[in-house]
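Heads up, the thing below is written out as structure tokens.
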Amino acid sequence: MKIELEVNGQPRTAEVSPWARLLDVLREDLRLTGTKEGCGEGECGACSVLLDGEVVNACIVAAGQCHGRRVVTVEGLARGEVLHAVQRALVACGGAQCGICTPGIAVCAAHVIDRKLLAGKPVAEARAAVRELLAGNICRCTGYQLIVDAVLVAVDEVGDS
Amino acid sequence: MTPETAYTRPRDLAEALAVRAAQPSWMVLAGGTDLMVSAIHKRVPAGILDLWRLPGVGAITEGAGGGLVIGAGATWLEIGRDARVAKAWSPLALAAREIGALQIQARGTLGGNIGTSSPVGDSLPALLALDAEIEVASVRGRRRVPYAAWCTGYRTTALAADELIVAAHLPPLAAGTHLAWRKVGTRRAQSISKVMGAAAMRVECGVVTDARIALGAVADRPIRIAAVEQAVRGLARAAAAEAARAAMRGAIRPIDDVRSSASYRDLVAENLVARFFSGMI
Ligand SMILES: Cc1cc2nc3c(=O)[nH]c(=O)nc-3n(C[C@H](O)[C@H](O)[C@H](O)COP(=O)(O)OP(=O)(O)OC[C@H]3O[C@@H](n4cnc5c(N)ncnc54)[C@H](O)[C@@H]3O)c2cc1C
Ligand code: FES
Ligand code: FES
């Protein structure tokens, strides 16, 4: 079937099976290879993208269901040459090692920051809250500490969340 | 070449039911967090009936006589954030917040959990303890099934080939009903339950007068523990905790798998149920 969807603000079309995974539509049909595949089972979050404003795992979303929807991938986080605050913080804090989990972490963390999901959390609980909000993003390299640092740095920079 | 999978996104429930009746072999797809797992290794479906965001079946609304009706299409994020669910039917809110992580909660629906009815489906013991009824619809009409009669075995349900799940009806709870829910897994977030359970305990003048105790991951399906429910009636809470512990022995035959041994699950389930009554959960 032909699906029409908005990806990173641009209207796109693809001729795909409705049973294809959104992950493959993005990577193979639309050549947006920033989104990674880890497990293909919804467990690891490497394929995290925003679908209609919610963070989802693109490996377990059917292409047919994306017709008429809005998708934001890691390629869509930056504004022109300016990276999203959390992308800059991940670089500054050393929050990426092999990098396989990083696009998914960036998308999920950007969502947490942009939607102010930490709003109202006392500073003492913010670290635990970030860990819980990012629980669906598995990283085999960093031990998470530097990722959580980066998210908190970005929260501080963006302010009031 | 294999023929392409057909795809329909109905505009409303009536259209969905007509497609369901005409194409009973098509996959009924909601959030896909069960059905799409390892999709590339699965058999390609002949057709997809897409229920995601189907108008009219996703809302959480007040029902007759102070109850609550949760549409099958409501996601775990929506259920976990609903103030009414949190206040009066807390086991379901707590289950919603511990199902998977953000990505799963954004897509996973109540209808999907009920449709799969796996022994580790986290909302299911809550539905049992809250005495929920599942409402299904077909072109033939509507009917309601208590969750206790819904799950008929390991991942099998009372859903007929032409039916769709429409909602779960939660009746109001009697005054003095204490609610509890607890999931035991390998870690706090995004883990499959080793044992989980929910309780609705009516306590009048310090005495337990009625109790519904439900556990998951201890049998081929989510179950109520009748032996405990009978043993605690008429006892003060502390005594009820001890009676519950005694009644648990031999009451369940937990599964033994890679996640946990049967004897571990036995012990955890016993502690869980005793703590529901002692008020430690
Ligand atoms: C990484 C990961 C973690 C998970 N963690 C948990 C967890 O902690 N606890 C838990 O309980 N589950 C968990 N799950 C399982 C899953 O997320 C839930 O069961 C979820 O509620 C399924 O909802 P869905 O809308 O995605 O279902 P789908 O996959 O779309 O459908 C599931 C089944 O229900 C049927 N169905 C759906 N809606 C209807 C309807 N309206 N009428 C008739 N049939 C219907 C479908 O045909 C299918 O058989 C997890 C899954 C993943 C991938
Ligand atoms: S690749 Fe999608 S969650 Fe792991
Ligand atoms: S940096 Fe390697 S998996 Fe996270």
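Labeling convention for the structure tokens: chains A, B, ... as they appear, residues from 1 per chain, ligands from 1 in order of appearance.
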
Taking only segment 15-132 of chain A into account, list the residues labelled alpha helix (DSSP H) by DSSP (computed from the backbone), as a compact mmCIF listing (two decimals) with N, CA, C and O atoms, in the first residue's frame.
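Result saved to part37.txt:
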# COMPACT_ATOMS: atom_id res chain seq x y z
N LEU A 22 7.75 0.10 10.89
CA LEU A 22 8.09 1.51 10.71
C LEU A 22 9.62 1.67 10.66
O LEU A 22 10.15 2.46 9.87
N LEU A 23 10.32 0.88 11.46
CA LEU A 23 11.79 0.92 11.47
C LEU A 23 12.38 0.73 10.07
O LEU A 23 13.27 1.47 9.65
N ASP A 24 11.86 -0.27 9.35
CA ASP A 24 12.39 -0.56 8.00
C ASP A 24 11.95 0.50 6.99
O ASP A 24 12.70 0.82 6.07
N ALA A 85 19.34 20.38 22.89
CA ALA A 85 20.11 20.53 24.15
C ALA A 85 20.62 19.19 24.66
O ALA A 85 21.75 19.09 25.14
N VAL A 86 19.81 18.14 24.52
CA VAL A 86 20.25 16.86 25.08
C VAL A 86 21.33 16.21 24.21
O VAL A 86 22.19 15.50 24.71
N GLN A 87 21.29 16.49 22.92
CA GLN A 87 22.36 15.97 22.05
C GLN A 87 23.68 16.63 22.41
O GLN A 87 24.72 15.97 22.51
N ARG A 88 23.64 17.95 22.61
CA ARG A 88 24.87 18.66 23.01
C ARG A 88 25.37 18.13 24.35
O ARG A 88 26.56 17.91 24.54
N ALA A 89 24.44 17.89 25.28
CA ALA A 89 24.85 17.41 26.60
C ALA A 89 25.43 16.00 26.53
O ALA A 89 26.38 15.67 27.24
N LEU A 90 24.87 15.16 25.65
CA LEU A 90 25.41 13.80 25.50
C LEU A 90 26.85 13.86 24.99
O LEU A 90 27.71 13.09 25.44
N VAL A 91 27.11 14.79 24.07
CA VAL A 91 28.48 14.97 23.58
C VAL A 91 29.38 15.48 24.71
O VAL A 91 30.44 14.91 24.99
N ALA A 92 28.91 16.52 25.39
CA ALA A 92 29.74 17.17 26.41
C ALA A 92 30.04 16.23 27.58
O ALA A 92 31.14 16.24 28.13
N CYS A 93 29.06 15.40 27.95
CA CYS A 93 29.23 14.54 29.13
C CYS A 93 29.85 13.19 28.77
O CYS A 93 30.09 12.37 29.67
N THR A 102 22.46 5.40 21.20
CA THR A 102 22.43 6.86 21.36
C THR A 102 21.28 7.56 20.63
O THR A 102 20.63 8.43 21.23
N PRO A 103 20.97 7.21 19.38
CA PRO A 103 19.84 7.89 18.74
C PRO A 103 18.54 7.68 19.52
O PRO A 103 17.76 8.63 19.70
N GLY A 104 18.32 6.47 19.99
CA GLY A 104 17.10 6.18 20.76
C GLY A 104 17.10 6.95 22.07
O GLY A 104 16.07 7.49 22.48
N ILE A 105 18.25 6.99 22.73
CA ILE A 105 18.36 7.74 23.99
C ILE A 105 18.08 9.21 23.71
O ILE A 105 17.35 9.88 24.46
N ALA A 106 18.65 9.75 22.63
CA ALA A 106 18.48 11.17 22.32
C ALA A 106 17.00 11.48 22.07
O ALA A 106 16.48 12.48 22.58
N VAL A 107 16.32 10.62 21.32
CA VAL A 107 14.91 10.86 21.03
C VAL A 107 14.08 10.80 22.31
O VAL A 107 13.25 11.67 22.57
N CYS A 108 14.32 9.77 23.11
CA CYS A 108 13.52 9.60 24.33
C CYS A 108 13.81 10.74 25.32
O CYS A 108 12.90 11.32 25.91
N ALA A 109 15.09 11.07 25.46
CA ALA A 109 15.46 12.13 26.41
C ALA A 109 14.94 13.49 25.93
O ALA A 109 14.48 14.30 26.73
N ALA A 110 14.99 13.73 24.62
CA ALA A 110 14.47 15.00 24.09
C ALA A 110 12.98 15.10 24.37
O ALA A 110 12.46 16.17 24.73
N HIS A 111 12.29 13.97 24.24
CA HIS A 111 10.85 13.93 24.54
C HIS A 111 10.60 14.26 26.02
O HIS A 111 9.71 15.05 26.35
N VAL A 112 11.40 13.64 26.89
CA VAL A 112 11.26 13.88 28.33
C VAL A 112 11.45 15.37 28.63
O VAL A 112 10.70 15.96 29.41
N ILE A 113 12.42 15.99 27.96
CA ILE A 113 12.72 17.40 28.21
C ILE A 113 11.65 18.30 27.57
O ILE A 113 11.09 19.17 28.22
N ASP A 114 11.33 18.06 26.30
CA ASP A 114 10.39 18.93 25.60
C ASP A 114 8.99 18.85 26.20
O ASP A 114 8.25 19.83 26.22
N VAL A 123 14.66 18.00 43.08
CA VAL A 123 16.00 17.73 42.53
C VAL A 123 16.53 16.38 43.01
O VAL A 123 17.11 15.61 42.24
N ALA A 124 16.25 16.07 44.28
CA ALA A 124 16.78 14.83 44.86
C ALA A 124 16.22 13.59 44.15
O ALA A 124 16.85 12.54 44.13
N GLU A 125 15.04 13.74 43.57
CA GLU A 125 14.41 12.58 42.91
C GLU A 125 14.61 12.60 41.40
O GLU A 125 14.22 11.65 40.71
N ALA A 126 15.20 13.67 40.88
CA ALA A 126 15.30 13.82 39.43
C ALA A 126 16.12 12.70 38.79
O ALA A 126 15.76 12.17 37.73
N ARG A 127 17.21 12.32 39.46
CA ARG A 127 18.09 11.30 38.90
C ARG A 127 17.34 9.96 38.75
O ARG A 127 17.37 9.33 37.70
N ALA A 128 16.64 9.59 39.82
CA ALA A 128 15.86 8.34 39.77
C ALA A 128 14.75 8.44 38.73
O ALA A 128 14.45 7.47 38.02
N ALA A 129 14.15 9.62 38.63
CA ALA A 129 13.07 9.81 37.67
C ALA A 129 13.58 9.67 36.24
O ALA A 129 12.92 9.07 35.39
N VAL A 130 14.76 10.21 35.96
CA VAL A 130 15.35 10.08 34.61
C VAL A 130 15.59 8.60 34.32
O VAL A 130 15.27 8.10 33.23
N ARG A 131 16.14 7.89 35.29
CA ARG A 131 16.40 6.46 35.08
C ARG A 131 15.11 5.71 34.76
O ARG A 131 15.09 4.85 33.89
N GLU A 132 14.05 6.07 35.44
CA GLU A 132 12.78 5.38 35.19
C GLU A 132 12.21 5.75 33.81
O GLU A 132 11.74 4.90 33.07

Legend entry - Spatial neighbours of segment 129-139 of chain B, max dist 6 Å, only C-alpha atoms, sep filter under 6 positions, as a ChimeraX atom specification: /B:17,145-147,162-170,198-200,212-214

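Across A:Gly38, A:Pro11, A:Gly94, A:Gly68, the tightest approach to Asp149 of chain A is made by A:Gly94 when counting only C-alpha atoms.
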
Inset, instruction - Report as an NGL selection string which protein, DNA and RNA residues come within 10 Å of ligand 3, using only C-alpha atoms and all ligand atoms. - result: :A and (38 or 44 or 46 or 94-105 or 137-144 or 147)

Preceding selection exported with N, CA, C and O atoms as a compact mmCIF listing (two decimals), in the first residue's frame:
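part.txt, written as the output of this step:
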# COMPACT_ATOMS: atom_id res chain seq x y z
N GLY A 38 18.18 -2.68 17.55
CA GLY A 38 18.92 -3.49 18.52
C GLY A 38 18.34 -4.88 18.57
O GLY A 38 18.90 -5.84 18.07
N CYS A 44 14.65 -2.81 23.68
CA CYS A 44 15.91 -2.09 23.91
C CYS A 44 15.81 -0.59 23.65
O CYS A 44 16.66 0.17 24.13
N ALA A 46 16.49 1.13 21.00
CA ALA A 46 17.41 1.71 20.02
C ALA A 46 16.65 2.34 18.86
O ALA A 46 17.14 3.26 18.21
N GLY A 94 30.07 12.91 27.52
CA GLY A 94 30.57 11.59 27.15
C GLY A 94 29.51 10.52 27.34
O GLY A 94 29.81 9.39 27.73
N GLY A 95 28.27 10.87 27.03
CA GLY A 95 27.16 9.95 27.24
C GLY A 95 26.97 8.93 26.12
O GLY A 95 25.99 8.19 26.11
N ALA A 96 27.90 8.90 25.16
CA ALA A 96 27.82 7.91 24.09
C ALA A 96 29.15 7.18 23.97
O ALA A 96 30.21 7.81 24.01
N GLN A 97 29.09 5.86 23.82
CA GLN A 97 30.33 5.11 23.56
C GLN A 97 30.22 4.46 22.19
O GLN A 97 30.56 5.08 21.19
N CYS A 98 29.71 3.22 22.09
CA CYS A 98 29.63 2.63 20.75
C CYS A 98 28.59 3.36 19.89
O CYS A 98 28.68 3.35 18.68
N GLY A 99 27.58 3.93 20.54
CA GLY A 99 26.62 4.77 19.82
C GLY A 99 25.37 4.08 19.31
O GLY A 99 24.50 4.75 18.76
N ILE A 100 25.27 2.78 19.49
CA ILE A 100 24.08 2.10 18.97
C ILE A 100 22.80 2.54 19.69
O ILE A 100 21.76 2.72 19.09
N CYS A 101 22.91 2.75 20.99
CA CYS A 101 21.72 3.15 21.75
C CYS A 101 21.45 4.63 21.65
O CYS A 101 20.39 5.11 22.02
N THR A 102 22.46 5.40 21.20
CA THR A 102 22.43 6.86 21.36
C THR A 102 21.28 7.56 20.63
O THR A 102 20.63 8.43 21.23
N PRO A 103 20.97 7.21 19.38
CA PRO A 103 19.84 7.89 18.74
C PRO A 103 18.54 7.68 19.52
O PRO A 103 17.76 8.63 19.70
N GLY A 104 18.32 6.47 19.99
CA GLY A 104 17.10 6.18 20.76
C GLY A 104 17.10 6.95 22.07
O GLY A 104 16.07 7.49 22.48
N ILE A 105 18.25 6.99 22.73
CA ILE A 105 18.36 7.74 23.99
C ILE A 105 18.08 9.21 23.71
O ILE A 105 17.35 9.88 24.46
N ASN A 137 15.28 2.21 27.36
CA ASN A 137 16.44 2.40 26.47
C ASN A 137 17.65 1.72 27.10
O ASN A 137 18.20 2.21 28.09
N ILE A 138 18.04 0.61 26.52
CA ILE A 138 19.14 -0.17 27.09
C ILE A 138 20.47 0.24 26.48
O ILE A 138 20.57 0.45 25.27
N CYS A 139 21.48 0.39 27.32
CA CYS A 139 22.83 0.72 26.86
C CYS A 139 23.78 -0.31 27.44
O CYS A 139 23.79 -0.54 28.64
N ARG A 140 24.56 -0.95 26.57
CA ARG A 140 25.48 -1.98 27.03
C ARG A 140 26.87 -1.42 27.33
O ARG A 140 27.76 -2.15 27.73
N CYS A 141 27.09 -0.12 27.07
CA CYS A 141 28.44 0.42 27.21
C CYS A 141 28.64 1.33 28.41
O CYS A 141 29.55 1.16 29.19
N THR A 142 27.78 2.34 28.53
CA THR A 142 28.13 3.46 29.41
C THR A 142 27.87 3.23 30.89
O THR A 142 28.40 3.96 31.71
N GLY A 143 27.03 2.26 31.22
CA GLY A 143 26.64 2.12 32.62
C GLY A 143 25.64 3.18 33.04
O GLY A 143 25.35 3.33 34.22
N TYR A 144 25.13 3.93 32.07
CA TYR A 144 24.03 4.88 32.25
C TYR A 144 24.38 6.18 32.99
O TYR A 144 23.71 7.19 32.82
N ILE A 147 24.88 9.13 30.84
CA ILE A 147 23.65 9.46 30.11
C ILE A 147 22.72 10.25 31.02
O ILE A 147 22.18 11.29 30.62

Inset, instruction - For chain B, list the residues within 7 Å of chain A, counting only C-alpha atoms, and write the list as JSON, numbers by chain. - result: {"B": [4, 5, 7, 32, 33, 36, 37, 38, 101, 102, 103, 104, 106, 107, 189, 190]}

Inset, instruction - Rank B:Ile40, B:Leu272, B:Ala6, B:Leu215 by their smallest atom-to-atom distance to Trp26 of chain B, using only C-alpha atoms, and report the top residue only. - result: B:Ala6

Can you list, as an mmCIF file with C-alpha atoms, in the first residue's frame, all residues belonging to segment 7-157 of chain A that DSSP tags as strand (DSSP E)?
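This went into states02.cif:
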data_model
loop_
_atom_site.group_PDB
_atom_site.id
_atom_site.type_symbol
_atom_site.label_atom_id
_atom_site.label_comp_id
_atom_site.auth_asym_id
_atom_site.auth_seq_id
_atom_site.Cartn_x
_atom_site.Cartn_y
_atom_site.Cartn_z
ATOM 1 C CA VAL A 7 8.638 12.738 8.793
ATOM 2 C CA GLN A 10 8.374 16.909 5.595
ATOM 3 C CA PRO A 11 5.558 15.069 3.796
ATOM 4 C CA ARG A 12 6.858 11.665 2.636
ATOM 5 C CA THR A 13 5.352 8.698 0.821
ATOM 6 C CA ALA A 14 6.385 5.069 0.619
ATOM 7 C CA GLU A 15 5.066 2.002 -1.185
ATOM 8 C CA SER A 48 12.827 4.983 19.539
ATOM 9 C CA VAL A 49 11.068 7.641 17.449
ATOM 10 C CA LEU A 50 8.219 10.033 18.120
ATOM 11 C CA LEU A 51 4.890 9.034 16.597
ATOM 12 C CA GLU A 54 4.684 10.013 21.848
ATOM 13 C CA VAL A 55 7.885 8.025 22.085
ATOM 14 C CA VAL A 56 7.473 4.546 20.564
ATOM 15 C CA ASN A 57 9.647 1.674 19.395
ATOM 16 C CA ARG A 70 3.595 12.417 12.224
ATOM 17 C CA VAL A 71 7.036 10.919 12.878
ATOM 18 C CA VAL A 72 10.141 12.540 14.342
#

Inset, instruction - Using only C-alpha atoms, determine which residues lie at most 10 Å from Thr33 of chain A, disregarding the query and same-chain residues fewer than 3 positions distant; provide the list as JSON, numbers by chain. - result: {"A": [23, 24, 26, 27, 28, 29, 30, 36, 37, 73, 74, 75]}

Those same residues, written as a short mmCIF file (atom, residue, chain, number, x, y, z; two decimals), in the first residue's frame with all heavy atoms?
data_model
loop_
_atom_site.label_atom_id
_atom_site.label_comp_id
_atom_site.auth_asym_id
_atom_site.auth_seq_id
_atom_site.Cartn_x
_atom_site.Cartn_y
_atom_site.Cartn_z
N LEU A 23 10.32 0.88 11.46
CA LEU A 23 11.79 0.92 11.47
C LEU A 23 12.38 0.73 10.07
O LEU A 23 13.27 1.47 9.65
CB LEU A 23 12.31 -0.17 12.43
CG LEU A 23 13.82 -0.39 12.47
CD1 LEU A 23 14.52 0.82 13.04
CD2 LEU A 23 14.15 -1.63 13.32
N ASP A 24 11.86 -0.27 9.35
CA ASP A 24 12.39 -0.56 8.00
C ASP A 24 11.95 0.50 6.99
O ASP A 24 12.70 0.82 6.07
CB ASP A 24 11.95 -1.95 7.55
CG ASP A 24 12.53 -3.04 8.47
OD1 ASP A 24 13.69 -2.90 8.88
OD2 ASP A 24 11.79 -3.99 8.78
N LEU A 26 11.58 3.62 7.64
CA LEU A 26 12.48 4.76 7.86
C LEU A 26 13.87 4.48 7.30
O LEU A 26 14.43 5.28 6.56
CB LEU A 26 12.58 5.07 9.37
CG LEU A 26 11.31 5.61 10.03
CD1 LEU A 26 11.48 5.66 11.55
CD2 LEU A 26 10.97 6.99 9.49
N ARG A 27 14.42 3.32 7.64
CA ARG A 27 15.81 3.04 7.28
C ARG A 27 15.98 2.69 5.80
O ARG A 27 16.87 3.19 5.13
CB ARG A 27 16.38 1.90 8.15
CG ARG A 27 16.63 2.30 9.60
CD ARG A 27 17.23 1.13 10.39
NE ARG A 27 18.43 0.62 9.73
CZ ARG A 27 19.65 1.12 9.92
NH1 ARG A 27 19.85 2.10 10.77
NH2 ARG A 27 20.68 0.60 9.28
N GLU A 28 15.08 1.80 5.30
CA GLU A 28 15.25 1.28 3.94
C GLU A 28 14.57 2.15 2.89
O GLU A 28 15.16 2.46 1.87
CB GLU A 28 14.71 -0.15 3.84
CG GLU A 28 15.25 -1.13 4.89
CD GLU A 28 16.74 -1.39 4.72
OE1 GLU A 28 17.23 -1.32 3.58
OE2 GLU A 28 17.41 -1.67 5.74
N ASP A 29 13.31 2.52 3.15
CA ASP A 29 12.56 3.25 2.12
C ASP A 29 12.88 4.74 2.14
O ASP A 29 12.99 5.36 1.10
CB ASP A 29 11.06 3.03 2.31
CG ASP A 29 10.69 1.57 2.12
OD1 ASP A 29 10.42 1.18 0.98
OD2 ASP A 29 10.72 0.80 3.11
N LEU A 30 13.01 5.32 3.34
CA LEU A 30 13.23 6.76 3.42
C LEU A 30 14.70 7.10 3.67
O LEU A 30 15.06 8.28 3.74
CB LEU A 30 12.33 7.38 4.50
CG LEU A 30 10.83 7.12 4.32
CD1 LEU A 30 10.01 7.77 5.42
CD2 LEU A 30 10.35 7.62 2.94
N LYS A 36 18.20 3.14 14.89
CA LYS A 36 18.93 1.86 14.89
C LYS A 36 18.04 0.69 15.28
O LYS A 36 17.03 0.87 15.95
CB LYS A 36 20.10 1.92 15.88
CG LYS A 36 21.09 3.06 15.63
CD LYS A 36 21.71 2.98 14.25
CE LYS A 36 22.67 4.14 14.01
NZ LYS A 36 22.86 4.39 12.57
N GLU A 37 18.47 -0.51 14.90
CA GLU A 37 17.81 -1.73 15.36
C GLU A 37 18.72 -2.44 16.35
O GLU A 37 19.87 -2.74 16.03
CB GLU A 37 17.50 -2.67 14.19
CG GLU A 37 16.94 -4.01 14.70
CD GLU A 37 16.19 -4.80 13.66
OE1 GLU A 37 16.31 -4.48 12.46
OE2 GLU A 37 15.49 -5.76 14.05
N THR A 73 12.29 11.54 13.91
CA THR A 73 13.42 10.64 14.17
C THR A 73 14.57 11.46 14.74
O THR A 73 14.50 12.68 14.83
CB THR A 73 13.90 9.96 12.87
OG1 THR A 73 14.49 10.97 12.04
CG2 THR A 73 12.75 9.29 12.14
N VAL A 74 15.66 10.78 15.06
CA VAL A 74 16.82 11.48 15.61
C VAL A 74 17.31 12.56 14.65
O VAL A 74 17.81 13.61 15.07
CB VAL A 74 17.96 10.48 15.97
CG1 VAL A 74 18.55 9.84 14.73
CG2 VAL A 74 19.04 11.16 16.81
N GLU A 75 17.12 12.33 13.34
CA GLU A 75 17.55 13.34 12.36
C GLU A 75 16.75 14.63 12.49
O GLU A 75 17.17 15.67 11.98
CB GLU A 75 17.40 12.81 10.92
CG GLU A 75 18.39 11.71 10.53
CD GLU A 75 17.87 10.31 10.78
OE1 GLU A 75 16.89 10.15 11.55
OE2 GLU A 75 18.44 9.34 10.22
#

Inset, instruction - Could you tell me how far atom CA of Arg9 of chain B lies from atom 23 (O, counted along the ligand's line) of ligand 1, in Å and to one decimal? - result: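 Taking atom CA of Arg9 of chain B as the start and atom 23 (O, counted along the ligand's line) of ligand 1 as the end point, the length is 17.2 Å.
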
Inset, instruction - Measure the distance from atom CA of Leu51 of chain B to atom CA of Glu78 of chain B in Å and round it to one decimal. - result: 16.4 Å

Inset, instruction - With a distance cut-off of 12 Å and only C-alpha atoms, select the neighbouring residues of Leu235 of chain B, excluding the residue or stretch itself and same-chain residues fewer than 4 positions from it, and output the selection as a list in words. - result: Met201, Arg202, Val203, Glu204, Cys205, Gly206, Val207, Val208, Thr209, Asp210, Ala211, Val228, Glu229, Gln230, Ala231, Ala239, Ala240, Ala241, Glu242, Ala243, Ala244, Phe277 and Ser278 of chain B
